[in-house]
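Asker: Just passing along the structure, written as structure tokens.
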Amino acid sequence: MAQAQMSLNQEQTYTQKLLQIIEGKLKCNIWNREKYDEILELIVTEPQKADKTSSYYYLVRKYEVLQCGDVKKIVKKRNSSDEDVKYYVCLEDMYSIVQKIHISIGHGGRDKMVKEANRKYANVSYEALELYKELCEECQLKKRRSASKGVVAKPIISKEFNSRGQVDLIDMQSFKYNDYRFLMLYQDHLTKFVILRPLTSKRAYEVAMQILDIFLLFGAPNILQSDNGAEFTANIISELKNLWPECKIVHGKPRHPQSQGSVE
């Protein structure tokens, strides 16, 4: 009972908000039931009169009436009988129609809703579909779940020493010593063993020489991981791979230091 009342309240809210959208438009082909029946009656009865009005000729150019038993529906004017029938929906029926569309595509996104609506209906507008999606409790719950997940970094697992080395630069310009303004930190991912090297600049050549010296000391790791700084993505760093073909050079996600792990 409570669920039925909630659904009724949602339908009333939807209809009121859609009515506000319609009233703000100069041209709109979503009519209330009274206007819908008036147009339907005009198209059906006008041909019987000798003097047909201009309104009648305007309507029959755009619409036709499809009758199934005792039920008459306004549909989009077809150029041939082979064309698909597209129905016009009155304001009071819009909620149930859009709800049926939305559920039939498994609470899919906007584009799926538009595609499904255009297949059978002539006046189910983008605004009518978007409005229902905003009111759909299941869609809003799904959105809140996605927002609460955030960005989760997948943990990196190393099984042996020197399988992965991580390298990063620390800006020490505010605490410079003689000509040294940067500190390069190299860390073995498994043991967390750290090697520090002072640098006078962030030039790729100087960085490459220090990495080369570490490689000659311990051997090249299977994977060398760094951030996306220019000093690590330069061609001279890639040349190290020619000396150690088995060493794979990878970079963390842009603007996401968590992917660099403890070296950050």
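We name chains A, B, ... following the order of the structure tokens; residues begin at 1 in each chain, and ligands are numbered from 1 as shown.
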Among the residues of stretch 58-204 of chain A, find those DSSP assigns to helix (DSSP H, G or I) from the backbone and print them as a PDB file with N, CA, C and O atoms, in the first residue's frame.

Answerer:
ATOM      1  N   TYR A  58      -4.428  21.325 -41.740  1.00  0.00           N
ATOM      2  CA  TYR A  58      -3.120  21.358 -41.052  1.00  0.00           C
ATOM      3  C   TYR A  58      -2.896  20.045 -40.298  1.00  0.00           C
ATOM      4  O   TYR A  58      -1.809  19.455 -40.351  1.00  0.00           O
ATOM      5  N   LEU A  59      -3.911  19.576 -39.600  1.00  0.00           N
ATOM      6  CA  LEU A  59      -3.782  18.373 -38.784  1.00  0.00           C
ATOM      7  C   LEU A  59      -3.588  17.117 -39.625  1.00  0.00           C
ATOM      8  O   LEU A  59      -2.767  16.257 -39.293  1.00  0.00           O
ATOM      9  N   VAL A  60      -4.340  16.987 -40.722  1.00  0.00           N
ATOM     10  CA  VAL A  60      -4.247  15.762 -41.530  1.00  0.00           C
ATOM     11  C   VAL A  60      -2.924  15.677 -42.293  1.00  0.00           C
ATOM     12  O   VAL A  60      -2.559  14.609 -42.780  1.00  0.00           O
ATOM     13  N   ARG A  61      -2.244  16.824 -42.436  1.00  0.00           N
ATOM     14  CA  ARG A  61      -0.903  16.792 -43.048  1.00  0.00           C
ATOM     15  C   ARG A  61       0.132  16.195 -42.084  1.00  0.00           C
ATOM     16  O   ARG A  61       1.137  15.657 -42.515  1.00  0.00           O
ATOM     17  N   LYS A  62      -0.148  16.294 -40.781  1.00  0.00           N
ATOM     18  CA  LYS A  62       0.826  15.851 -39.780  1.00  0.00           C
ATOM     19  C   LYS A  62       0.420  14.562 -39.071  1.00  0.00           C
ATOM     20  O   LYS A  62       1.279  13.789 -38.645  1.00  0.00           O
ATOM     21  N   LEU A  91      -0.268  13.905 -22.107  1.00  0.00           N
ATOM     22  CA  LEU A  91       0.486  14.247 -20.898  1.00  0.00           C
ATOM     23  C   LEU A  91       0.206  13.272 -19.754  1.00  0.00           C
ATOM     24  O   LEU A  91       1.130  12.820 -19.068  1.00  0.00           O
ATOM     25  N   GLU A  92      -1.046  12.941 -19.543  1.00  0.00           N
ATOM     26  CA  GLU A  92      -1.431  12.089 -18.415  1.00  0.00           C
ATOM     27  C   GLU A  92      -0.915  10.652 -18.551  1.00  0.00           C
ATOM     28  O   GLU A  92      -0.773   9.948 -17.548  1.00  0.00           O
ATOM     29  N   ASP A  93      -0.628  10.207 -19.773  1.00  0.00           N
ATOM     30  CA  ASP A  93      -0.140   8.837 -20.004  1.00  0.00           C
ATOM     31  C   ASP A  93       1.382   8.772 -20.131  1.00  0.00           C
ATOM     32  O   ASP A  93       1.950   7.671 -20.224  1.00  0.00           O
ATOM     33  N   MET A  94       2.035   9.949 -20.151  1.00  0.00           N
ATOM     34  CA  MET A  94       3.472   9.988 -20.426  1.00  0.00           C
ATOM     35  C   MET A  94       4.284   9.226 -19.376  1.00  0.00           C
ATOM     36  O   MET A  94       5.237   8.517 -19.709  1.00  0.00           O
ATOM     37  N   TYR A  95       3.926   9.356 -18.109  1.00  0.00           N
ATOM     38  CA  TYR A  95       4.683   8.699 -17.040  1.00  0.00           C
ATOM     39  C   TYR A  95       4.717   7.181 -17.234  1.00  0.00           C
ATOM     40  O   TYR A  95       5.788   6.559 -17.180  1.00  0.00           O
ATOM     41  N   SER A  96       3.554   6.581 -17.458  1.00  0.00           N
ATOM     42  CA  SER A  96       3.499   5.117 -17.592  1.00  0.00           C
ATOM     43  C   SER A  96       4.237   4.631 -18.838  1.00  0.00           C
ATOM     44  O   SER A  96       4.881   3.576 -18.815  1.00  0.00           O
ATOM     45  N   ILE A  97       4.172   5.415 -19.909  1.00  0.00           N
ATOM     46  CA  ILE A  97       4.868   5.040 -21.147  1.00  0.00           C
ATOM     47  C   ILE A  97       6.381   5.105 -20.959  1.00  0.00           C
ATOM     48  O   ILE A  97       7.116   4.175 -21.322  1.00  0.00           O
ATOM     49  N   VAL A  98       6.856   6.204 -20.381  1.00  0.00           N
ATOM     50  CA  VAL A  98       8.304   6.369 -20.168  1.00  0.00           C
ATOM     51  C   VAL A  98       8.814   5.341 -19.160  1.00  0.00           C
ATOM     52  O   VAL A  98       9.916   4.805 -19.310  1.00  0.00           O
ATOM     53  N   GLN A  99       8.012   5.049 -18.145  1.00  0.00           N
ATOM     54  CA  GLN A  99       8.389   4.024 -17.173  1.00  0.00           C
ATOM     55  C   GLN A  99       8.560   2.670 -17.852  1.00  0.00           C
ATOM     56  O   GLN A  99       9.522   1.937 -17.587  1.00  0.00           O
ATOM     57  N   LYS A 100       7.642   2.345 -18.753  1.00  0.00           N
ATOM     58  CA  LYS A 100       7.714   1.086 -19.487  1.00  0.00           C
ATOM     59  C   LYS A 100       8.973   1.027 -20.356  1.00  0.00           C
ATOM     60  O   LYS A 100       9.654  -0.005 -20.423  1.00  0.00           O
ATOM     61  N   ILE A 101       9.308   2.150 -21.000  1.00  0.00           N
ATOM     62  CA  ILE A 101      10.519   2.230 -21.838  1.00  0.00           C
ATOM     63  C   ILE A 101      11.764   2.020 -20.983  1.00  0.00           C
ATOM     64  O   ILE A 101      12.655   1.241 -21.324  1.00  0.00           O
ATOM     65  N   HIS A 102      11.809   2.716 -19.858  1.00  0.00           N
ATOM     66  CA  HIS A 102      12.985   2.678 -18.990  1.00  0.00           C
ATOM     67  C   HIS A 102      13.221   1.287 -18.414  1.00  0.00           C
ATOM     68  O   HIS A 102      14.362   0.807 -18.373  1.00  0.00           O
ATOM     69  N   ILE A 103      12.172   0.626 -17.989  1.00  0.00           N
ATOM     70  CA  ILE A 103      12.302  -0.717 -17.415  1.00  0.00           C
ATOM     71  C   ILE A 103      12.659  -1.741 -18.489  1.00  0.00           C
ATOM     72  O   ILE A 103      13.434  -2.674 -18.253  1.00  0.00           O
ATOM     73  N   SER A 104      12.124  -1.550 -19.702  1.00  0.00           N
ATOM     74  CA  SER A 104      12.378  -2.513 -20.791  1.00  0.00           C
ATOM     75  C   SER A 104      13.846  -2.563 -21.199  1.00  0.00           C
ATOM     76  O   SER A 104      14.315  -3.587 -21.703  1.00  0.00           O
ATOM     77  N   ARG A 110      20.648   7.442 -21.088  1.00  0.00           N
ATOM     78  CA  ARG A 110      19.850   8.358 -21.906  1.00  0.00           C
ATOM     79  C   ARG A 110      19.756   7.909 -23.358  1.00  0.00           C
ATOM     80  O   ARG A 110      18.670   7.886 -23.942  1.00  0.00           O
ATOM     81  N   ASP A 111      20.878   7.548 -23.962  1.00  0.00           N
ATOM     82  CA  ASP A 111      20.880   7.203 -25.392  1.00  0.00           C
ATOM     83  C   ASP A 111      20.028   5.967 -25.686  1.00  0.00           C
ATOM     84  O   ASP A 111      19.326   5.911 -26.702  1.00  0.00           O
ATOM     85  N   LYS A 112      20.091   4.985 -24.799  1.00  0.00           N
ATOM     86  CA  LYS A 112      19.265   3.782 -24.984  1.00  0.00           C
ATOM     87  C   LYS A 112      17.786   4.123 -24.874  1.00  0.00           C
ATOM     88  O   LYS A 112      16.956   3.586 -25.621  1.00  0.00           O
ATOM     89  N   MET A 113      17.455   5.017 -23.928  1.00  0.00           N
ATOM     90  CA  MET A 113      16.057   5.421 -23.749  1.00  0.00           C
ATOM     91  C   MET A 113      15.536   6.144 -24.995  1.00  0.00           C
ATOM     92  O   MET A 113      14.430   5.882 -25.462  1.00  0.00           O
ATOM     93  N   VAL A 114      16.342   7.061 -25.526  1.00  0.00           N
ATOM     94  CA  VAL A 114      15.944   7.821 -26.714  1.00  0.00           C
ATOM     95  C   VAL A 114      15.727   6.888 -27.902  1.00  0.00           C
ATOM     96  O   VAL A 114      14.739   7.014 -28.638  1.00  0.00           O
ATOM     97  N   LYS A 115      16.639   5.938 -28.080  1.00  0.00           N
ATOM     98  CA  LYS A 115      16.540   4.995 -29.199  1.00  0.00           C
ATOM     99  C   LYS A 115      15.272   4.154 -29.090  1.00  0.00           C
ATOM    100  O   LYS A 115      14.557   3.945 -30.085  1.00  0.00           O
ATOM    101  N   GLU A 116      14.982   3.668 -27.885  1.00  0.00           N
ATOM    102  CA  GLU A 116      13.800   2.833 -27.675  1.00  0.00           C
ATOM    103  C   GLU A 116      12.515   3.633 -27.852  1.00  0.00           C
ATOM    104  O   GLU A 116      11.543   3.154 -28.448  1.00  0.00           O
ATOM    105  N   ALA A 117      12.508   4.888 -27.349  1.00  0.00           N
ATOM    106  CA  ALA A 117      11.315   5.739 -27.460  1.00  0.00           C
ATOM    107  C   ALA A 117      11.027   6.089 -28.914  1.00  0.00           C
ATOM    108  O   ALA A 117       9.870   6.055 -29.358  1.00  0.00           O
ATOM    109  N   ASN A 118      12.066   6.422 -29.682  1.00  0.00           N
ATOM    110  CA  ASN A 118      11.879   6.817 -31.090  1.00  0.00           C
ATOM    111  C   ASN A 118      11.405   5.659 -31.968  1.00  0.00           C
ATOM    112  O   ASN A 118      10.895   5.887 -33.065  1.00  0.00           O
ATOM    113  N   ARG A 119      11.562   4.457 -31.463  1.00  0.00           N
ATOM    114  CA  ARG A 119      11.151   3.287 -32.248  1.00  0.00           C
ATOM    115  C   ARG A 119       9.630   3.175 -32.347  1.00  0.00           C
ATOM    116  O   ARG A 119       9.105   2.694 -33.341  1.00  0.00           O
ATOM    117  N   LYS A 120       8.913   3.676 -31.320  1.00  0.00           N
ATOM    118  CA  LYS A 120       7.468   3.443 -31.270  1.00  0.00           C
ATOM    119  C   LYS A 120       6.629   4.703 -31.045  1.00  0.00           C
ATOM    120  O   LYS A 120       5.448   4.730 -31.366  1.00  0.00           O
ATOM    121  N   TYR A 126      13.091  14.189 -25.321  1.00  0.00           N
ATOM    122  CA  TYR A 126      14.306  13.997 -24.519  1.00  0.00           C
ATOM    123  C   TYR A 126      14.077  14.450 -23.079  1.00  0.00           C
ATOM    124  O   TYR A 126      14.499  13.789 -22.124  1.00  0.00           O
ATOM    125  N   GLU A 127      13.390  15.594 -22.916  1.00  0.00           N
ATOM    126  CA  GLU A 127      13.127  16.121 -21.572  1.00  0.00           C
ATOM    127  C   GLU A 127      12.261  15.164 -20.754  1.00  0.00           C
ATOM    128  O   GLU A 127      12.482  14.984 -19.551  1.00  0.00           O
ATOM    129  N   ALA A 128      11.268  14.533 -21.398  1.00  0.00           N
ATOM    130  CA  ALA A 128      10.389  13.588 -20.708  1.00  0.00           C
ATOM    131  C   ALA A 128      11.168  12.372 -20.209  1.00  0.00           C
ATOM    132  O   ALA A 128      10.921  11.864 -19.114  1.00  0.00           O
ATOM    133  N   LEU A 129      12.135  11.919 -21.012  1.00  0.00           N
ATOM    134  CA  LEU A 129      12.951  10.768 -20.633  1.00  0.00           C
ATOM    135  C   LEU A 129      13.941  11.131 -19.527  1.00  0.00           C
ATOM    136  O   LEU A 129      14.109  10.392 -18.553  1.00  0.00           O
ATOM    137  N   GLU A 130      14.591  12.270 -19.678  1.00  0.00           N
ATOM    138  CA  GLU A 130      15.593  12.708 -18.687  1.00  0.00           C
ATOM    139  C   GLU A 130      14.941  12.976 -17.334  1.00  0.00           C
ATOM    140  O   GLU A 130      15.521  12.677 -16.286  1.00  0.00           O
ATOM    141  N   LEU A 131      13.738  13.532 -17.361  1.00  0.00           N
ATOM    142  CA  LEU A 131      13.016  13.823 -16.122  1.00  0.00           C
ATOM    143  C   LEU A 131      12.706  12.532 -15.362  1.00  0.00           C
ATOM    144  O   LEU A 131      12.865  12.472 -14.136  1.00  0.00           O
ATOM    145  N   TYR A 132      12.276  11.503 -16.079  1.00  0.00           N
ATOM    146  CA  TYR A 132      11.978  10.228 -15.400  1.00  0.00           C
ATOM    147  C   TYR A 132      13.246   9.629 -14.798  1.00  0.00           C
ATOM    148  O   TYR A 132      13.226   9.103 -13.679  1.00  0.00           O
ATOM    149  N   LYS A 133      14.353   9.711 -15.531  1.00  0.00           N
ATOM    150  CA  LYS A 133      15.623   9.151 -15.044  1.00  0.00           C
ATOM    151  C   LYS A 133      16.061   9.839 -13.757  1.00  0.00           C
ATOM    152  O   LYS A 133      16.631   9.225 -12.866  1.00  0.00           O
ATOM    153  N   GLU A 134      15.806  11.147 -13.651  1.00  0.00           N
ATOM    154  CA  GLU A 134      16.156  11.895 -12.439  1.00  0.00           C
ATOM    155  C   GLU A 134      15.312  11.467 -11.239  1.00  0.00           C
ATOM    156  O   GLU A 134      15.774  11.536 -10.101  1.00  0.00           O
ATOM    157  N   LEU A 135      14.077  11.015 -11.497  1.00  0.00           N
ATOM    158  CA  LEU A 135      13.171  10.621 -10.426  1.00  0.00           C
ATOM    159  C   LEU A 135      13.246   9.130 -10.093  1.00  0.00           C
ATOM    160  O   LEU A 135      12.719   8.704  -9.063  1.00  0.00           O
ATOM    161  N   GLU A 137      14.279   5.973  -8.528  1.00  0.00           N
ATOM    162  CA  GLU A 137      15.011   5.692  -7.294  1.00  0.00           C
ATOM    163  C   GLU A 137      16.158   4.711  -7.524  1.00  0.00           C
ATOM    164  O   GLU A 137      17.245   4.874  -6.950  1.00  0.00           O
ATOM    165  N   GLU A 138      15.947   3.706  -8.353  1.00  0.00           N
ATOM    166  CA  GLU A 138      16.997   2.712  -8.617  1.00  0.00           C
ATOM    167  C   GLU A 138      18.193   3.344  -9.322  1.00  0.00           C
ATOM    168  O   GLU A 138      19.345   3.039  -8.995  1.00  0.00           O
ATOM    169  N   CYS A 139      17.928   4.253 -10.276  1.00  0.00           N
ATOM    170  CA  CYS A 139      19.020   4.936 -10.989  1.00  0.00           C
ATOM    171  C   CYS A 139      19.800   5.865 -10.050  1.00  0.00           C
ATOM    172  O   CYS A 139      21.025   5.946 -10.127  1.00  0.00           O
ATOM    173  N   GLN A 140      19.086   6.565  -9.176  1.00  0.00           N
ATOM    174  CA  GLN A 140      19.748   7.463  -8.239  1.00  0.00           C
ATOM    175  C   GLN A 140      20.583   6.687  -7.231  1.00  0.00           C
ATOM    176  O   GLN A 140      21.670   7.111  -6.848  1.00  0.00           O
ATOM    177  N   LEU A 141      20.086   5.520  -6.812  1.00  0.00           N
ATOM    178  CA  LEU A 141      20.836   4.672  -5.884  1.00  0.00           C
ATOM    179  C   LEU A 141      22.097   4.145  -6.551  1.00  0.00           C
ATOM    180  O   LEU A 141      23.170   4.097  -5.935  1.00  0.00           O
ATOM    181  N   LYS A 142      21.981   3.773  -7.833  1.00  0.00           N
ATOM    182  CA  LYS A 142      23.136   3.295  -8.594  1.00  0.00           C
ATOM    183  C   LYS A 142      24.192   4.397  -8.738  1.00  0.00           C
ATOM    184  O   LYS A 142      25.391   4.143  -8.627  1.00  0.00           O
ATOM    185  N   LYS A 143      23.723   5.630  -8.961  1.00  0.00           N
ATOM    186  CA  LYS A 143      24.635   6.769  -9.104  1.00  0.00           C
ATOM    187  C   LYS A 143      25.375   7.046  -7.795  1.00  0.00           C
ATOM    188  O   LYS A 143      26.566   7.335  -7.785  1.00  0.00           O
ATOM    189  N   ARG A 144      24.647   6.947  -6.666  1.00  0.00           N
ATOM    190  CA  ARG A 144      25.286   7.192  -5.364  1.00  0.00           C
ATOM    191  C   ARG A 144      26.319   6.125  -5.044  1.00  0.00           C
ATOM    192  O   ARG A 144      27.367   6.408  -4.470  1.00  0.00           O
ATOM    193  N   ARG A 145      26.027   4.886  -5.443  1.00  0.00           N
ATOM    194  CA  ARG A 145      26.993   3.798  -5.221  1.00  0.00           C
ATOM    195  C   ARG A 145      28.272   4.035  -6.005  1.00  0.00           C
ATOM    196  O   ARG A 145      29.382   3.839  -5.509  1.00  0.00           O
ATOM    197  N   SER A 146      28.117   4.481  -7.267  1.00  0.00           N
ATOM    198  CA  SER A 146      29.279   4.738  -8.127  1.00  0.00           C
ATOM    199  C   SER A 146      30.117   5.880  -7.574  1.00  0.00           C
ATOM    200  O   SER A 146      31.348   5.839  -7.586  1.00  0.00           O
ATOM    201  N   ALA A 147      29.435   6.922  -7.052  1.00  0.00           N
ATOM    202  CA  ALA A 147      30.147   8.088  -6.515  1.00  0.00           C
ATOM    203  C   ALA A 147      30.902   7.735  -5.247  1.00  0.00           C
ATOM    204  O   ALA A 147      31.978   8.271  -4.986  1.00  0.00           O
ATOM    205  N   SER A 148      30.339   6.814  -4.448  1.00  0.00           N
ATOM    206  CA  SER A 148      30.976   6.470  -3.171  1.00  0.00           C
ATOM    207  C   SER A 148      32.186   5.563  -3.344  1.00  0.00           C
ATOM    208  O   SER A 148      33.037   5.477  -2.460  1.00  0.00           O
ATOM    209  N   LYS A 149      32.281   4.890  -4.499  1.00  0.00           N
ATOM    210  CA  LYS A 149      33.409   3.985  -4.709  1.00  0.00           C
ATOM    211  C   LYS A 149      34.723   4.737  -4.844  1.00  0.00           C
ATOM    212  O   LYS A 149      35.742   4.336  -4.314  1.00  0.00           O
ATOM    213  N   GLN A 173      64.759  22.519  -4.039  1.00  0.00           N
ATOM    214  CA  GLN A 173      65.310  23.826  -4.389  1.00  0.00           C
ATOM    215  C   GLN A 173      65.253  24.820  -3.229  1.00  0.00           C
ATOM    216  O   GLN A 173      66.107  25.704  -3.125  1.00  0.00           O
ATOM    217  N   SER A 174      64.281  24.659  -2.345  1.00  0.00           N
ATOM    218  CA  SER A 174      64.213  25.562  -1.191  1.00  0.00           C
ATOM    219  C   SER A 174      65.226  25.180  -0.115  1.00  0.00           C
ATOM    220  O   SER A 174      65.462  25.947   0.822  1.00  0.00           O
ATOM    221  N   PHE A 175      65.833  23.969  -0.244  1.00  0.00           N
ATOM    222  CA  PHE A 175      66.865  23.521   0.708  1.00  0.00           C
ATOM    223  C   PHE A 175      68.112  23.069  -0.053  1.00  0.00           C
ATOM    224  O   PHE A 175      68.731  22.068   0.292  1.00  0.00           O
ATOM    225  N   ALA A 204      67.040  15.216 -18.397  1.00  0.00           N
ATOM    226  CA  ALA A 204      66.910  13.782 -18.641  1.00  0.00           C
ATOM    227  C   ALA A 204      68.275  13.095 -18.683  1.00  0.00           C
ATOM    228  O   ALA A 204      68.414  11.957 -18.215  1.00  0.00           O
TER     229      ALA A 204
END

Asker: If DSSP is run on the backbone, what residues of stretch 17-256 of chain A are strand (DSSP E)? A reply as number ranges by chain would be ideal.

Answerer: A: 63-68, 71-76, 164-171, 182-188, 194-199, 223-226, 248-251

Asker: Next, the residues of the selection above should be written as a compact mmCIF listing (two decimals), in the first residue's frame with C-alpha atoms.

Answerer:
# COMPACT_ATOMS: atom_id res chain seq x y z
CA TYR A 63 -1.35 13.21 -38.11
CA GLU A 64 -3.66 10.30 -38.82
CA VAL A 65 -5.92 8.17 -36.64
CA LEU A 66 -5.33 4.48 -36.06
CA GLN A 67 -8.28 2.46 -34.77
CA CYS A 68 -7.93 -0.89 -32.99
CA VAL A 71 -9.82 2.45 -29.33
CA LYS A 72 -8.64 5.34 -31.50
CA LYS A 73 -5.06 6.68 -31.32
CA ILE A 74 -3.32 9.63 -32.98
CA VAL A 75 -0.23 8.52 -34.90
CA LYS A 76 2.35 10.27 -37.03
CA ARG A 164 60.35 -3.87 -9.81
CA GLY A 165 62.20 -0.62 -9.16
CA GLN A 166 60.38 2.67 -8.58
CA VAL A 167 62.01 6.03 -9.12
CA ASP A 168 60.92 9.58 -8.35
CA LEU A 169 62.42 13.07 -7.96
CA ILE A 170 62.12 15.26 -4.86
CA ASP A 171 62.29 19.02 -5.38
CA PHE A 182 66.96 17.80 -6.53
CA LEU A 183 67.08 14.37 -4.95
CA MET A 184 66.44 11.20 -6.93
CA LEU A 185 64.90 8.36 -4.94
CA TYR A 186 65.18 4.81 -6.23
CA GLN A 187 63.39 2.06 -4.29
CA ASP A 188 63.21 -1.69 -4.66
CA VAL A 194 66.27 2.92 -1.01
CA ILE A 195 69.07 4.60 -2.94
CA LEU A 196 69.31 8.41 -2.92
CA ARG A 197 71.24 10.42 -5.49
CA PRO A 198 71.64 14.25 -5.48
CA LEU A 199 71.01 16.07 -8.78
CA ILE A 223 60.22 -3.33 -14.42
CA LEU A 224 61.28 0.29 -13.91
CA GLN A 225 58.32 2.42 -12.81
CA SER A 226 58.22 6.23 -12.73
CA LYS A 248 60.34 -2.87 -19.06
CA ILE A 249 59.75 0.87 -18.46
CA VAL A 250 56.26 1.82 -17.24
CA HIS A 251 54.67 5.04 -15.98

Asker: Counting only C-alpha atoms, which residue out of A:Ala122, A:Ser54, A:Lys192, A:Arg181 sits closest to A:Lys77?

Answerer: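 Closest candidate: A:Ala122.
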
Asker: Could you tell me which of A:Leu42, A:Glu34, A:Ile156, A:Ser201 comes closest to A:Met172 if we count only C-alpha atoms?

Answerer: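 With only C-alpha atoms as the atom set, the closest residue is A:Ser201.
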
Asker: Calculate how many Å separate atom CA of A:Lys35 from atom CA of A:Arg78, rounding to one decimal.

Answerer: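 About the pair atom CA of A:Lys35 and atom CA of A:Arg78: they are 21.9 Å apart.
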
Asker: In Å, rounded to a single decimal, give me how far atom CA of A:Ser125 is from atom CA of A:Ile22.

Answerer: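 The value is 10.4 Å.
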